[in-house]
Structure formats: C-alpha cells, structure tokens
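Here is the structure we will look at.
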Amino acid sequence: MNQALLTALQYYGAGAATLAALVVSLNLGRRITGWAFVLFVTSSIALIAWGFLDKDSEGIGWQNVALLAINAVGVWRYLISKHAVRDR
C-alpha cells in the first residue's frame with residue numbers, strides 16, 4: 001500500500017478526531033455538535049482504512065469500527081432526530 005496514503009489517513013483521522021472532540025467539549029449547540037459528530041465519522045472512516053490497510057494497525061481499525069457506530073448515533077441524535085436532547 002502507498003505509504004503516503006496511509007500516512008495521510010492516519011494523520012487526517014487523528015486531527016479530525018481532535019478537532020471534533022474540541023468542538024463537542026465547547027458545547028456550542030445542537031447543530032454545531034451534530035456537525036462535530038459528522039467530523040468524528042470521517043475520522044473513524046479514515047482510521048478504519050488506515051488500521052486495516054497498514055500492517056500492525058488492525059487494533060485501531062477495530063476500535064474505530066466501534067467508534068463509527070457511536071459517532072453515527074451522535075449524528076442521528078444531534079442532526080437527524082427531532083427529539084430534544086435531554087440534559088441530565
């Protein structure tokens with residue numbers, strides 16, 4: 001596999017996840033938080049690809065399979081669902 005592509009996937013995934021985590025932590029409202037979850041989804045997809053295409057990185061791939069499902073719930077909850085988000 002092309003090492004430049006693997007490096008791009010790895011660093012995009014890490015950077016996008018970091019930015020998304022910052023945006024979620026700022027609690028800027030439902031819509032912006034929802035878009036942060038979309039960013040998390042793209043990060044998970046990149047890290048899944050990197051994890052399964054690069055030898056010795058399969059663990060990151062499997063971890064991001066789980067995180068992709070969690071992030072998809074965030075997209076649904078904050079961008080798609082019409083129900084109010086409850087504060088606890």
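All residue names refer to the structure tokens as shown: chains lettered A, B, ... in order, residues numbered from 1 in each chain, ligands numbered from 1 in order.
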
Item to complete: Write down as a ChimeraX atom specification the residues belonging to chain A that are assigned alpha helix (DSSP H) by DSSP computed on the backbone.
Response: /A:3-26,30-53,58-75

Item to complete: Tell me which protein, DNA and RNA residues are within 12 Å of Val65 in chain A, counting only C-alpha atoms, leaving out same-chain ones fewer than 4 positions away, and put them as JSON, numbers by chain.
Response: {"A": [40, 41, 42, 43, 44, 45, 46, 47, 48, 49, 50, 51, 52, 58, 59, 60, 61, 69, 70, 71, 72]}

Would you pick out the contacts of range 19-35 of chain A at 9 Å or less, using only C-alpha atoms, so that residues sharing its chain but fewer than 4 positions from it are not included, and give the list as a short mmCIF file (atom, residue, chain, number, x, y, z; two decimals) with N, CA and C atoms, in the first residue's frame?
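Printed below is selection33.cif as written:
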data_model
loop_
_atom_site.label_atom_id
_atom_site.label_comp_id
_atom_site.auth_asym_id
_atom_site.auth_seq_id
_atom_site.Cartn_x
_atom_site.Cartn_y
_atom_site.Cartn_z
N ALA A 14 -6.47 11.37 13.06
CA ALA A 14 -6.09 11.91 14.36
C ALA A 14 -6.48 13.38 14.49
N GLY A 15 -6.20 14.16 13.47
CA GLY A 15 -6.51 15.59 13.51
C GLY A 15 -8.00 15.87 13.54
N LEU A 39 -17.79 15.06 11.63
CA LEU A 39 -16.33 15.06 11.55
C LEU A 39 -15.75 13.81 12.22
N PHE A 40 -16.31 13.43 13.38
CA PHE A 40 -15.90 12.19 14.03
C PHE A 40 -16.10 10.98 13.10
N SER A 43 -13.39 10.86 10.61
CA SER A 43 -12.18 10.41 11.29
C SER A 43 -12.17 8.90 11.46
N GLY A 74 -24.43 9.76 17.42
CA GLY A 74 -24.32 11.20 17.67
C GLY A 74 -24.88 12.02 16.52
N VAL A 75 -24.57 11.62 15.29
CA VAL A 75 -25.12 12.31 14.12
C VAL A 75 -26.64 12.21 14.13
N TRP A 76 -27.15 11.03 14.37
CA TRP A 76 -28.61 10.85 14.41
C TRP A 76 -29.23 11.69 15.51
N ARG A 77 -28.63 11.65 16.69
CA ARG A 77 -29.21 12.34 17.84
C ARG A 77 -29.19 13.86 17.67
N TYR A 78 -28.10 14.40 17.15
CA TYR A 78 -27.95 15.85 17.11
C TYR A 78 -28.37 16.49 15.79
N LEU A 79 -28.34 15.76 14.68
CA LEU A 79 -28.68 16.37 13.39
C LEU A 79 -29.97 15.85 12.77
N ILE A 80 -30.32 14.59 13.02
CA ILE A 80 -31.43 13.99 12.31
C ILE A 80 -32.69 13.92 13.16
N VAL A 85 -32.70 17.10 22.89
CA VAL A 85 -31.62 16.48 23.64
C VAL A 85 -31.81 16.81 25.10
#

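CA of Val38 in chain A lies 18.5 Å from CA of His83 in chain A.
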
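Atom pair CA of Thr7 in chain A / CA of Leu53 in chain A: separated by 11.0 Å.
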
Practice prompt. Provide the CA of Met1 in chain A to CA of Asn64 in chain A distance in Å, to one decimal place.
Written response: 20.0 Å

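Distances here use only C-alpha atoms; by that measure, the residue among A:Ser81, A:Asp54, A:Gln63, A:Ala17 closest to Ala4 in chain A is A:Asp54.
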